[in-house]
Amino acid sequence: MIKFDNVTKKFLLGTVALNNVSFEITDNEFLFLVGPSGAGKTTVIKLILREILPSSGSIMIDDFDIASKNFSQTTVLRRNIGVVFQDFKILSDKNIFENIALGLKVMNSPLIEIKSKVKEALQLVGLSKQEEVFPVQLSAGELQRVAIARAVVGERKIILADEPTGNLDPKTAWEIMRVFKKLEGQRTIVIATHNTDIVNSFKKRVIALKEGKIIKDQRKGGYEI
Ligand code: ADP
């Protein structure tokens, strides 16, 4: 469960990125976070990752208020969250297996377990044969598949995606969304996007932000307000 309660985030120089925002996301929900550039979508994602702290309000992840200055489990929190970015953020000097395995290695998982988990993740995203390939040999769509595999590996409970189709052509964007769809019901999935067609056709929950405020929170919603 992710629960924002009256969350406000003011940056230095006074920008109010989020203004008294409240919502609750239940486990294994699939939802879109939409809104124009500057609406506050990335700020929501960074707050869930505890990369930034709110100016006021509470953010509960399960039983923990991660907005509390006393919260000391940030590493554990992040182990449970996979992130997918617009620009993939794949390490170019590591092959696909190594890119995906990295998070598991940090957790000191045994090699045999790492191998089977990476294979499972590669299968999910349809890249089983590309384990030893280097990122330079892959297309943008394939790189984003690697990023999704990296985000899901290790049974992360929450997947956050910030404009995951922003750098992809429409056909590839749909292919990527079909990968997210496969995860539906198995993880909590929050996708921040501008992609009107995708949001409208998925008919999932939509939280729309504008100037830091929620202007719509609708089950089976569309992009338009
Ligand atoms: P979105 O992801 O919807 O485009 P953001 O969450 O990135 O929106 O930004 C919301 C607002 O907060 C914008 O006005 C942005 O300029 C501002 N903002 C974001 N990060 C910072 C920062 N580190 N310092 C100052 N202002 C910021």
# chains A, B, ... in the order shown; residues from 1 in each chain; ligands from 1
>>> residues_around(residues="Arg178 of chain A", least_positions_apart="3", cutoff="12 Å", atoms="only C-alpha atoms", output="ChimeraX atom specification")
/A:124-126,141,145,148,165,171-175,181-184,198,201-202
>>> write_last_selection(atoms="N, CA, C and O atoms", output="compact mmCIF listing (two decimals), in the first residue's frame")
# COMPACT_ATOMS: atom_id res chain seq x y z
N LEU A 124 10.29 -12.87 -19.34
CA LEU A 124 9.11 -12.01 -19.21
C LEU A 124 9.11 -10.90 -20.26
O LEU A 124 8.09 -10.57 -20.85
N VAL A 125 10.29 -10.30 -20.51
CA VAL A 125 10.34 -9.17 -21.44
C VAL A 125 10.68 -9.61 -22.86
O VAL A 125 10.82 -8.78 -23.76
N GLY A 126 10.82 -10.92 -23.06
CA GLY A 126 11.04 -11.44 -24.42
C GLY A 126 12.45 -11.25 -24.93
O GLY A 126 12.66 -11.03 -26.13
N GLY A 141 13.64 0.11 -28.01
CA GLY A 141 12.59 -0.73 -27.41
C GLY A 141 13.18 -1.87 -26.60
O GLY A 141 12.70 -2.20 -25.52
N ARG A 145 13.04 -2.80 -22.58
CA ARG A 145 12.70 -4.14 -22.05
C ARG A 145 13.72 -4.56 -20.99
O ARG A 145 13.36 -5.14 -19.97
N ILE A 148 12.93 -2.84 -17.86
CA ILE A 148 11.79 -3.43 -17.14
C ILE A 148 12.24 -4.71 -16.44
O ILE A 148 11.90 -4.95 -15.28
N THR A 165 7.57 5.38 -22.19
CA THR A 165 7.46 5.31 -23.65
C THR A 165 7.84 6.63 -24.30
O THR A 165 7.69 6.81 -25.51
N LYS A 171 4.69 2.32 -32.21
CA LYS A 171 4.58 0.84 -32.24
C LYS A 171 5.39 0.22 -31.08
O LYS A 171 4.90 -0.64 -30.36
N THR A 172 6.60 0.73 -30.91
CA THR A 172 7.46 0.21 -29.83
C THR A 172 6.85 0.56 -28.47
O THR A 172 6.91 -0.25 -27.53
N ALA A 173 6.25 1.74 -28.38
CA ALA A 173 5.61 2.14 -27.11
C ALA A 173 4.55 1.11 -26.73
O ALA A 173 4.46 0.69 -25.57
N TRP A 174 3.77 0.68 -27.70
CA TRP A 174 2.74 -0.32 -27.41
C TRP A 174 3.34 -1.64 -26.99
O TRP A 174 2.84 -2.32 -26.11
N GLU A 175 4.44 -2.03 -27.64
CA GLU A 175 5.10 -3.29 -27.26
C GLU A 175 5.55 -3.23 -25.79
O GLU A 175 5.42 -4.19 -25.04
N LYS A 181 1.67 -4.75 -19.06
CA LYS A 181 0.35 -5.39 -18.88
C LYS A 181 0.50 -6.82 -18.34
O LYS A 181 -0.32 -7.27 -17.55
N LYS A 182 1.57 -7.49 -18.78
CA LYS A 182 1.80 -8.86 -18.30
C LYS A 182 1.98 -8.90 -16.79
O LYS A 182 1.77 -9.92 -16.15
N LEU A 183 2.45 -7.78 -16.24
CA LEU A 183 2.73 -7.74 -14.79
C LEU A 183 1.51 -7.36 -13.97
O LEU A 183 1.54 -7.36 -12.75
N GLU A 184 0.44 -7.02 -14.69
CA GLU A 184 -0.76 -6.55 -14.01
C GLU A 184 -1.25 -7.59 -12.99
O GLU A 184 -1.29 -8.78 -13.28
N ILE A 198 -2.39 5.53 -25.06
CA ILE A 198 -2.19 4.37 -24.18
C ILE A 198 -3.10 4.46 -22.97
O ILE A 198 -3.80 3.51 -22.62
N SER A 201 -6.69 3.74 -23.86
CA SER A 201 -7.09 2.39 -24.24
C SER A 201 -6.94 1.40 -23.08
O SER A 201 -7.62 0.39 -23.07
N PHE A 202 -6.09 1.69 -22.12
CA PHE A 202 -5.93 0.75 -21.00
C PHE A 202 -7.14 0.75 -20.06
O PHE A 202 -7.43 -0.24 -19.42
>>> residues_near_ligand(ligand="ligand 1", cutoff="10 Å", atoms="only C-alpha atoms and all ligand atoms", output="PDB file with N, CA and C atoms, in the first residue's frame")
ATOM      1  N   LYS A   9       5.034  19.455  -1.380  1.00  0.00           N
ATOM      2  CA  LYS A   9       6.479  19.548  -1.588  1.00  0.00           C
ATOM      3  C   LYS A   9       6.807  20.915  -2.187  1.00  0.00           C
ATOM      4  N   LYS A  10       7.514  21.680  -1.386  1.00  0.00           N
ATOM      5  CA  LYS A  10       7.999  22.990  -1.863  1.00  0.00           C
ATOM      6  C   LYS A  10       9.493  22.869  -2.062  1.00  0.00           C
ATOM      7  N   PHE A  11       9.969  23.309  -3.215  1.00  0.00           N
ATOM      8  CA  PHE A  11      11.412  23.327  -3.424  1.00  0.00           C
ATOM      9  C   PHE A  11      11.967  24.676  -2.994  1.00  0.00           C
ATOM     10  N   LEU A  12      13.285  24.724  -2.869  1.00  0.00           N
ATOM     11  CA  LEU A  12      13.927  26.004  -2.576  1.00  0.00           C
ATOM     12  C   LEU A  12      13.506  27.000  -3.649  1.00  0.00           C
ATOM     13  N   LEU A  13      13.504  28.216  -3.367  1.00  0.00           N
ATOM     14  CA  LEU A  13      13.045  29.296  -4.259  1.00  0.00           C
ATOM     15  C   LEU A  13      11.527  29.303  -4.408  1.00  0.00           C
ATOM     16  N   GLY A  14      10.861  28.387  -3.664  1.00  0.00           N
ATOM     17  CA  GLY A  14       9.406  28.538  -3.550  1.00  0.00           C
ATOM     18  C   GLY A  14       8.523  27.764  -4.507  1.00  0.00           C
ATOM     19  N   THR A  15       9.098  26.999  -5.447  1.00  0.00           N
ATOM     20  CA  THR A  15       8.213  26.230  -6.343  1.00  0.00           C
ATOM     21  C   THR A  15       7.419  25.208  -5.537  1.00  0.00           C
ATOM     22  N   VAL A  16       6.106  25.223  -5.703  1.00  0.00           N
ATOM     23  CA  VAL A  16       5.277  24.219  -5.029  1.00  0.00           C
ATOM     24  C   VAL A  16       5.023  23.100  -6.037  1.00  0.00           C
ATOM     25  N   ALA A  17       5.754  22.007  -5.904  1.00  0.00           N
ATOM     26  CA  ALA A  17       5.648  20.915  -6.879  1.00  0.00           C
ATOM     27  C   ALA A  17       4.419  20.052  -6.601  1.00  0.00           C
ATOM     28  N   LEU A  18       4.092  19.889  -5.314  1.00  0.00           N
ATOM     29  CA  LEU A  18       2.863  19.176  -4.933  1.00  0.00           C
ATOM     30  C   LEU A  18       2.180  19.973  -3.843  1.00  0.00           C
ATOM     31  N   LEU A  33      -0.322   7.947 -13.867  1.00  0.00           N
ATOM     32  CA  LEU A  33      -0.203   9.290 -13.295  1.00  0.00           C
ATOM     33  C   LEU A  33      -0.024  10.212 -14.500  1.00  0.00           C
ATOM     34  N   VAL A  34      -0.988  11.082 -14.726  1.00  0.00           N
ATOM     35  CA  VAL A  34      -0.908  11.914 -15.929  1.00  0.00           C
ATOM     36  C   VAL A  34      -0.931  13.392 -15.554  1.00  0.00           C
ATOM     37  N   GLY A  35      -0.651  14.204 -16.562  1.00  0.00           N
ATOM     38  CA  GLY A  35      -0.664  15.646 -16.340  1.00  0.00           C
ATOM     39  C   GLY A  35       0.423  16.289 -17.169  1.00  0.00           C
ATOM     40  N   PRO A  36       0.276  17.583 -17.445  1.00  0.00           N
ATOM     41  CA  PRO A  36       1.259  18.267 -18.279  1.00  0.00           C
ATOM     42  C   PRO A  36       2.628  18.329 -17.618  1.00  0.00           C
ATOM     43  N   SER A  37       3.614  18.667 -18.396  1.00  0.00           N
ATOM     44  CA  SER A  37       4.964  18.817 -17.872  1.00  0.00           C
ATOM     45  C   SER A  37       4.957  19.811 -16.707  1.00  0.00           C
ATOM     46  N   GLY A  38       5.626  19.457 -15.648  1.00  0.00           N
ATOM     47  CA  GLY A  38       5.673  20.351 -14.480  1.00  0.00           C
ATOM     48  C   GLY A  38       4.527  20.139 -13.513  1.00  0.00           C
ATOM     49  N   ALA A  39       3.653  19.152 -13.791  1.00  0.00           N
ATOM     50  CA  ALA A  39       2.469  18.940 -12.945  1.00  0.00           C
ATOM     51  C   ALA A  39       2.810  18.340 -11.577  1.00  0.00           C
ATOM     52  N   GLY A  40       3.956  17.632 -11.512  1.00  0.00           N
ATOM     53  CA  GLY A  40       4.346  17.034 -10.225  1.00  0.00           C
ATOM     54  C   GLY A  40       4.511  15.522 -10.273  1.00  0.00           C
ATOM     55  N   LYS A  41       4.446  14.919 -11.456  1.00  0.00           N
ATOM     56  CA  LYS A  41       4.488  13.454 -11.570  1.00  0.00           C
ATOM     57  C   LYS A  41       5.829  12.880 -11.072  1.00  0.00           C
ATOM     58  N   THR A  42       6.917  13.458 -11.560  1.00  0.00           N
ATOM     59  CA  THR A  42       8.238  12.961 -11.145  1.00  0.00           C
ATOM     60  C   THR A  42       8.445  13.187  -9.650  1.00  0.00           C
ATOM     61  N   THR A  43       7.903  14.265  -9.139  1.00  0.00           N
ATOM     62  CA  THR A  43       8.018  14.528  -7.698  1.00  0.00           C
ATOM     63  C   THR A  43       7.344  13.414  -6.902  1.00  0.00           C
ATOM     64  N   VAL A  44       6.187  12.939  -7.374  1.00  0.00           N
ATOM     65  CA  VAL A  44       5.513  11.817  -6.690  1.00  0.00           C
ATOM     66  C   VAL A  44       6.434  10.603  -6.692  1.00  0.00           C
ATOM     67  N   ILE A  45       7.031  10.315  -7.836  1.00  0.00           N
ATOM     68  CA  ILE A  45       7.910   9.134  -7.945  1.00  0.00           C
ATOM     69  C   ILE A  45       9.125   9.281  -7.022  1.00  0.00           C
ATOM     70  N   LYS A  46       9.720  10.456  -7.019  1.00  0.00           N
ATOM     71  CA  LYS A  46      10.904  10.660  -6.159  1.00  0.00           C
ATOM     72  C   LYS A  46      10.550  10.570  -4.681  1.00  0.00           C
ATOM     73  N   LEU A  47       9.350  10.997  -4.340  1.00  0.00           N
ATOM     74  CA  LEU A  47       8.925  10.894  -2.934  1.00  0.00           C
ATOM     75  C   LEU A  47       8.736   9.441  -2.531  1.00  0.00           C
ATOM     76  N   ILE A  52      13.573  12.353  -2.217  1.00  0.00           N
ATOM     77  CA  ILE A  52      13.309  13.657  -1.605  1.00  0.00           C
ATOM     78  C   ILE A  52      12.277  13.454  -0.493  1.00  0.00           C
ATOM     79  N   ASP A 162       8.662   6.281 -15.121  1.00  0.00           N
ATOM     80  CA  ASP A 162       8.544   7.715 -15.402  1.00  0.00           C
ATOM     81  C   ASP A 162       8.682   7.940 -16.907  1.00  0.00           C
ATOM     82  N   GLU A 163       7.574   8.167 -17.574  1.00  0.00           N
ATOM     83  CA  GLU A 163       7.528   8.343 -19.034  1.00  0.00           C
ATOM     84  C   GLU A 163       8.250   7.200 -19.764  1.00  0.00           C
ATOM     85  N   ALA A 192       3.894   7.054 -14.933  1.00  0.00           N
ATOM     86  CA  ALA A 192       3.705   8.475 -15.238  1.00  0.00           C
ATOM     87  C   ALA A 192       3.876   8.631 -16.746  1.00  0.00           C
ATOM     88  N   THR A 193       2.894   9.220 -17.385  1.00  0.00           N
ATOM     89  CA  THR A 193       2.975   9.308 -18.842  1.00  0.00           C
ATOM     90  C   THR A 193       2.195  10.485 -19.417  1.00  0.00           C
ATOM     91  N   HIS A 194       2.629  10.851 -20.635  1.00  0.00           N
ATOM     92  CA  HIS A 194       1.909  11.836 -21.442  1.00  0.00           C
ATOM     93  C   HIS A 194       1.121  11.148 -22.549  1.00  0.00           C
ATOM     94  N   ALA A 208      -4.813  12.353 -12.235  1.00  0.00           N
ATOM     95  CA  ALA A 208      -4.333  13.476 -13.051  1.00  0.00           C
ATOM     96  C   ALA A 208      -3.895  14.607 -12.145  1.00  0.00           C
ATOM     97  N   LEU A 209      -2.689  15.099 -12.394  1.00  0.00           N
ATOM     98  CA  LEU A 209      -2.147  16.223 -11.632  1.00  0.00           C
ATOM     99  C   LEU A 209      -2.081  17.456 -12.522  1.00  0.00           C
ATOM    100  N   LYS A 210      -2.284  18.597 -11.913  1.00  0.00           N
ATOM    101  CA  LYS A 210      -2.059  19.856 -12.620  1.00  0.00           C
ATOM    102  C   LYS A 210      -1.561  20.867 -11.608  1.00  0.00           C
ATOM    103  N   GLU A 211      -0.447  21.470 -11.922  1.00  0.00           N
ATOM    104  CA  GLU A 211       0.156  22.456 -11.016  1.00  0.00           C
ATOM    105  C   GLU A 211       0.204  21.946  -9.575  1.00  0.00           C
ATOM    106  N   GLY A 212       0.580  20.676  -9.433  1.00  0.00           N
ATOM    107  CA  GLY A 212       0.800  20.119  -8.104  1.00  0.00           C
ATOM    108  C   GLY A 212      -0.439  19.668  -7.366  1.00  0.00           C
TER     109      GLY A 212
END
>>> residues_around(residues="Glu142 of chain A", least_positions_apart="5", cutoff="12 Å", atoms="only C-alpha atoms", output="PyMOL selection string")
chain A and resi 88+90+96+122+125-131+133-137+147-149+165+168+172-173+175-176+179
>>> write_last_selection(atoms="N, CA, C and O atoms", output="mmCIF file, in the first residue's frame")
data_model
loop_
_atom_site.group_PDB
_atom_site.id
_atom_site.type_symbol
_atom_site.label_atom_id
_atom_site.label_comp_id
_atom_site.auth_asym_id
_atom_site.auth_seq_id
_atom_site.Cartn_x
_atom_site.Cartn_y
_atom_site.Cartn_z
ATOM 1 N N PHE A 88 16.029 4.984 -20.160
ATOM 2 C CA PHE A 88 16.473 3.597 -19.908
ATOM 3 C C PHE A 88 17.495 3.447 -18.772
ATOM 4 O O PHE A 88 17.371 2.564 -17.951
ATOM 5 N N ILE A 90 20.573 2.247 -18.807
ATOM 6 C CA ILE A 90 21.251 0.948 -18.859
ATOM 7 C C ILE A 90 22.757 1.223 -18.920
ATOM 8 O O ILE A 90 23.193 2.130 -19.643
ATOM 9 N N ILE A 96 23.741 -7.456 -20.967
ATOM 10 C CA ILE A 96 22.355 -7.416 -20.509
ATOM 11 C C ILE A 96 22.179 -8.208 -19.200
ATOM 12 O O ILE A 96 21.537 -7.737 -18.271
ATOM 13 N N LEU A 122 14.241 -12.013 -18.080
ATOM 14 C CA LEU A 122 14.470 -11.870 -19.521
ATOM 15 C C LEU A 122 13.366 -12.537 -20.323
ATOM 16 O O LEU A 122 12.947 -12.038 -21.373
ATOM 17 N N VAL A 125 10.291 -10.301 -20.506
ATOM 18 C CA VAL A 125 10.345 -9.167 -21.436
ATOM 19 C C VAL A 125 10.684 -9.607 -22.861
ATOM 20 O O VAL A 125 10.818 -8.782 -23.756
ATOM 21 N N GLY A 126 10.815 -10.921 -23.063
ATOM 22 C CA GLY A 126 11.044 -11.439 -24.418
ATOM 23 C C GLY A 126 12.452 -11.247 -24.933
ATOM 24 O O GLY A 126 12.656 -11.035 -26.135
ATOM 25 N N LEU A 127 13.439 -11.292 -24.046
ATOM 26 C CA LEU A 127 14.832 -11.114 -24.492
ATOM 27 C C LEU A 127 15.727 -12.275 -24.053
ATOM 28 O O LEU A 127 16.919 -12.092 -23.814
ATOM 29 N N SER A 128 15.161 -13.452 -23.988
ATOM 30 C CA SER A 128 15.901 -14.605 -23.459
ATOM 31 C C SER A 128 17.219 -14.856 -24.182
ATOM 32 O O SER A 128 18.177 -15.320 -23.579
ATOM 33 N N LYS A 129 17.255 -14.527 -25.475
ATOM 34 C CA LYS A 129 18.469 -14.875 -26.234
ATOM 35 C C LYS A 129 19.527 -13.777 -26.191
ATOM 36 O O LYS A 129 20.580 -13.902 -26.829
ATOM 37 N N GLN A 130 19.265 -12.703 -25.488
ATOM 38 C CA GLN A 130 20.159 -11.542 -25.567
ATOM 39 C C GLN A 130 21.029 -11.341 -24.325
ATOM 40 O O GLN A 130 21.661 -10.298 -24.201
ATOM 41 N N GLU A 131 21.053 -12.336 -23.458
ATOM 42 C CA GLU A 131 21.801 -12.218 -22.200
ATOM 43 C C GLU A 131 23.196 -11.623 -22.313
ATOM 44 O O GLU A 131 23.610 -10.805 -21.518
ATOM 45 N N VAL A 133 24.548 -9.982 -24.846
ATOM 46 C CA VAL A 133 24.673 -8.857 -25.768
ATOM 47 C C VAL A 133 24.955 -7.584 -24.962
ATOM 48 O O VAL A 133 24.537 -7.451 -23.813
ATOM 49 N N PHE A 134 25.669 -6.631 -25.580
ATOM 50 C CA PHE A 134 25.914 -5.343 -24.920
ATOM 51 C C PHE A 134 24.869 -4.315 -25.375
ATOM 52 O O PHE A 134 24.346 -4.412 -26.482
ATOM 53 N N PRO A 135 24.571 -3.351 -24.537
ATOM 54 C CA PRO A 135 23.498 -2.406 -24.825
ATOM 55 C C PRO A 135 23.607 -1.726 -26.200
ATOM 56 O O PRO A 135 22.587 -1.470 -26.838
ATOM 57 N N VAL A 136 24.816 -1.466 -26.650
ATOM 58 C CA VAL A 136 24.994 -0.763 -27.920
ATOM 59 C C VAL A 136 24.373 -1.544 -29.086
ATOM 60 O O VAL A 136 24.005 -0.970 -30.110
ATOM 61 N N GLN A 137 24.213 -2.850 -28.899
ATOM 62 C CA GLN A 137 23.667 -3.682 -29.974
ATOM 63 C C GLN A 137 22.130 -3.739 -29.952
ATOM 64 O O GLN A 137 21.532 -4.382 -30.800
ATOM 65 N N ALA A 147 15.378 -2.576 -19.141
ATOM 66 C CA ALA A 147 15.102 -1.745 -17.956
ATOM 67 C C ALA A 147 13.931 -2.315 -17.159
ATOM 68 O O ALA A 147 13.943 -2.315 -15.920
ATOM 69 N N ILE A 148 12.935 -2.836 -17.861
ATOM 70 C CA ILE A 148 11.794 -3.429 -17.144
ATOM 71 C C ILE A 148 12.241 -4.709 -16.436
ATOM 72 O O ILE A 148 11.896 -4.949 -15.280
ATOM 73 N N ALA A 149 13.050 -5.509 -17.132
ATOM 74 C CA ALA A 149 13.561 -6.738 -16.499
ATOM 75 C C ALA A 149 14.341 -6.383 -15.238
ATOM 76 O O ALA A 149 14.193 -7.013 -14.191
ATOM 77 N N THR A 165 7.569 5.377 -22.190
ATOM 78 C CA THR A 165 7.460 5.308 -23.653
ATOM 79 C C THR A 165 7.837 6.634 -24.299
ATOM 80 O O THR A 165 7.686 6.807 -25.507
ATOM 81 N N LEU A 168 10.143 6.476 -27.364
ATOM 82 C CA LEU A 168 9.885 5.364 -28.288
ATOM 83 C C LEU A 168 8.848 5.744 -29.336
ATOM 84 O O LEU A 168 7.955 6.550 -29.066
ATOM 85 N N THR A 172 6.605 0.735 -30.910
ATOM 86 C CA THR A 172 7.456 0.211 -29.828
ATOM 87 C C THR A 172 6.849 0.555 -28.470
ATOM 88 O O THR A 172 6.913 -0.247 -27.528
ATOM 89 N N ALA A 173 6.251 1.736 -28.380
ATOM 90 C CA ALA A 173 5.610 2.138 -27.113
ATOM 91 C C ALA A 173 4.549 1.107 -26.725
ATOM 92 O O ALA A 173 4.464 0.685 -25.568
ATOM 93 N N GLU A 175 4.438 -2.028 -27.639
ATOM 94 C CA GLU A 175 5.097 -3.287 -27.256
ATOM 95 C C GLU A 175 5.547 -3.231 -25.794
ATOM 96 O O GLU A 175 5.416 -4.187 -25.040
ATOM 97 N N ILE A 176 6.084 -2.075 -25.411
ATOM 98 C CA ILE A 176 6.541 -1.904 -24.026
ATOM 99 C C ILE A 176 5.349 -1.955 -23.064
ATOM 100 O O ILE A 176 5.403 -2.578 -22.007
ATOM 101 N N VAL A 179 4.309 -5.343 -22.176
ATOM 102 C CA VAL A 179 5.145 -5.976 -21.144
ATOM 103 C C VAL A 179 4.630 -5.567 -19.752
ATOM 104 O O VAL A 179 4.471 -6.406 -18.860
#
>>> residues_around(residues="Gly221 of chain A", least_positions_apart="2", cutoff="6 Å", atoms="only C-alpha atoms", output="list of chain:residue names")
A:Lys203, A:Lys204, A:Arg205, A:Val206, A:Gln218, A:Arg219
>>> residues_around(residues="segment 79-86 of chain A", least_positions_apart="4", cutoff="6 Å", atoms="only C-alpha atoms", output="PyMOL selection string")
chain A and resi 147+151-152+156-164+166
>>> closest_residue(among="A:Leu143, A:Ile215, A:Val76, A:Ile2", to="Phe23 of chain A", atoms="only C-alpha atoms")
A:Ile2
>>> atom_distance(atom1="atom CA of Gly222 of chain A", atom2="atom CA of Asp27 of chain A")
21.5 Å
>>> select_by_dssp(residues="segment 44-98 of chain A", states="helix (DSSP H, G or I)", output="list in words")
Val44, Ile45, Lys46, Leu47, Ile48, Thr74, Thr75, Val76, Leu77, Arg78, Arg79, Ile96, Phe97 and Glu98 of chain A
>>> write_last_selection(atoms="N, CA and C atoms", output="PDB file, in the first residue's frame")
ATOM      1  N   VAL A  44       6.187  12.939  -7.374  1.00  0.00           N
ATOM      2  CA  VAL A  44       5.513  11.817  -6.690  1.00  0.00           C
ATOM      3  C   VAL A  44       6.434  10.603  -6.692  1.00  0.00           C
ATOM      4  N   ILE A  45       7.031  10.315  -7.836  1.00  0.00           N
ATOM      5  CA  ILE A  45       7.910   9.134  -7.945  1.00  0.00           C
ATOM      6  C   ILE A  45       9.125   9.281  -7.022  1.00  0.00           C
ATOM      7  N   LYS A  46       9.720  10.456  -7.019  1.00  0.00           N
ATOM      8  CA  LYS A  46      10.904  10.660  -6.159  1.00  0.00           C
ATOM      9  C   LYS A  46      10.550  10.570  -4.681  1.00  0.00           C
ATOM     10  N   LEU A  47       9.350  10.997  -4.340  1.00  0.00           N
ATOM     11  CA  LEU A  47       8.925  10.894  -2.934  1.00  0.00           C
ATOM     12  C   LEU A  47       8.736   9.441  -2.531  1.00  0.00           C
ATOM     13  N   ILE A  48       8.162   8.631  -3.434  1.00  0.00           N
ATOM     14  CA  ILE A  48       7.953   7.210  -3.108  1.00  0.00           C
ATOM     15  C   ILE A  48       9.303   6.506  -2.919  1.00  0.00           C
ATOM     16  N   THR A  74      15.702   3.092   4.322  1.00  0.00           N
ATOM     17  CA  THR A  74      15.632   3.505   2.913  1.00  0.00           C
ATOM     18  C   THR A  74      16.174   2.426   1.973  1.00  0.00           C
ATOM     19  N   THR A  75      17.248   1.757   2.372  1.00  0.00           N
ATOM     20  CA  THR A  75      17.817   0.715   1.513  1.00  0.00           C
ATOM     21  C   THR A  75      16.819  -0.426   1.316  1.00  0.00           C
ATOM     22  N   VAL A  76      16.176  -0.828   2.402  1.00  0.00           N
ATOM     23  CA  VAL A  76      15.183  -1.905   2.316  1.00  0.00           C
ATOM     24  C   VAL A  76      14.006  -1.455   1.453  1.00  0.00           C
ATOM     25  N   LEU A  77      13.568  -0.215   1.665  1.00  0.00           N
ATOM     26  CA  LEU A  77      12.470   0.336   0.868  1.00  0.00           C
ATOM     27  C   LEU A  77      12.796   0.227  -0.619  1.00  0.00           C
ATOM     28  N   ARG A  78      13.979   0.669  -1.001  1.00  0.00           N
ATOM     29  CA  ARG A  78      14.335   0.703  -2.427  1.00  0.00           C
ATOM     30  C   ARG A  78      14.527  -0.689  -3.018  1.00  0.00           C
ATOM     31  N   ARG A  79      14.850  -1.654  -2.192  1.00  0.00           N
ATOM     32  CA  ARG A  79      14.952  -3.029  -2.692  1.00  0.00           C
ATOM     33  C   ARG A  79      13.605  -3.555  -3.153  1.00  0.00           C
ATOM     34  N   ILE A  96      23.741  -7.456 -20.967  1.00  0.00           N
ATOM     35  CA  ILE A  96      22.355  -7.416 -20.509  1.00  0.00           C
ATOM     36  C   ILE A  96      22.179  -8.208 -19.200  1.00  0.00           C
ATOM     37  N   PHE A  97      22.796  -9.386 -19.165  1.00  0.00           N
ATOM     38  CA  PHE A  97      22.720 -10.182 -17.928  1.00  0.00           C
ATOM     39  C   PHE A  97      23.239  -9.360 -16.748  1.00  0.00           C
ATOM     40  N   GLU A  98      24.411  -8.752 -16.923  1.00  0.00           N
ATOM     41  CA  GLU A  98      25.034  -8.007 -15.814  1.00  0.00           C
ATOM     42  C   GLU A  98      24.174  -6.811 -15.399  1.00  0.00           C
TER      43      GLU A  98
END
>>> residues_around(residues="Val153 of chain A", least_positions_apart="3", cutoff="10 Å", atoms="only C-alpha atoms", output="ChimeraX atom specification")
/A:82,100-104,114,117-122,148-150,156
>>> residues_around(residues="Phe4 of chain A", least_positions_apart="4", cutoff="9 Å", atoms="only C-alpha atoms", output="list of chain:residue names")
A:Val21, A:Ser22, A:Phe23, A:Glu24, A:Ile25, A:Gly57, A:Ser58, A:Ile59, A:Met60, A:Ile61
>>> closest_residue(among="A:Asn195, A:Gln186, A:Asn70, A:Ser116", to="Asn28 of chain A", atoms="only C-alpha atoms")
A:Gln186
>>> select_by_dssp(residues="chain A", states="strand (DSSP E)", output="PyMOL selection string")
chain A and resi 2-10+16-25+30-34+56-61+64-65+81-85+158-162+188-193+205-210+213-218
>>> atom_distance(atom1="atom CA of Leu53 of chain A", atom2="atom CA of Ile214 of chain A")
18.9 Å
>>> atom_distance(atom1="atom CA of Val7 of chain A", atom2="atom CA of Tyr223 of chain A")
23.1 Å
>>> decode(residues="segment 150-163 of chain A", atoms="C-alpha atoms", output="PDB file, in the first residue's frame")
ATOM      1  CA  ARG A 150      15.949  -4.907 -14.162  1.00  0.00           C
ATOM      2  CA  ALA A 151      13.003  -3.251 -12.405  1.00  0.00           C
ATOM      3  CA  VAL A 152      11.076  -6.471 -11.784  1.00  0.00           C
ATOM      4  CA  VAL A 153      13.914  -8.848 -10.950  1.00  0.00           C
ATOM      5  CA  GLY A 154      14.033  -9.910  -7.323  1.00  0.00           C
ATOM      6  CA  GLU A 155      10.254  -9.801  -6.905  1.00  0.00           C
ATOM      7  CA  ARG A 156      10.063  -6.089  -6.316  1.00  0.00           C
ATOM      8  CA  LYS A 157       6.602  -5.238  -5.116  1.00  0.00           C
ATOM      9  CA  ILE A 158       6.347  -1.766  -6.619  1.00  0.00           C
ATOM     10  CA  ILE A 159       7.267  -0.749 -10.170  1.00  0.00           C
ATOM     11  CA  LEU A 160       7.489   2.975 -10.879  1.00  0.00           C
ATOM     12  CA  ALA A 161       7.841   4.087 -14.486  1.00  0.00           C
ATOM     13  CA  ASP A 162       8.544   7.715 -15.402  1.00  0.00           C
ATOM     14  CA  GLU A 163       7.528   8.343 -19.034  1.00  0.00           C
TER      15      GLU A 163
END
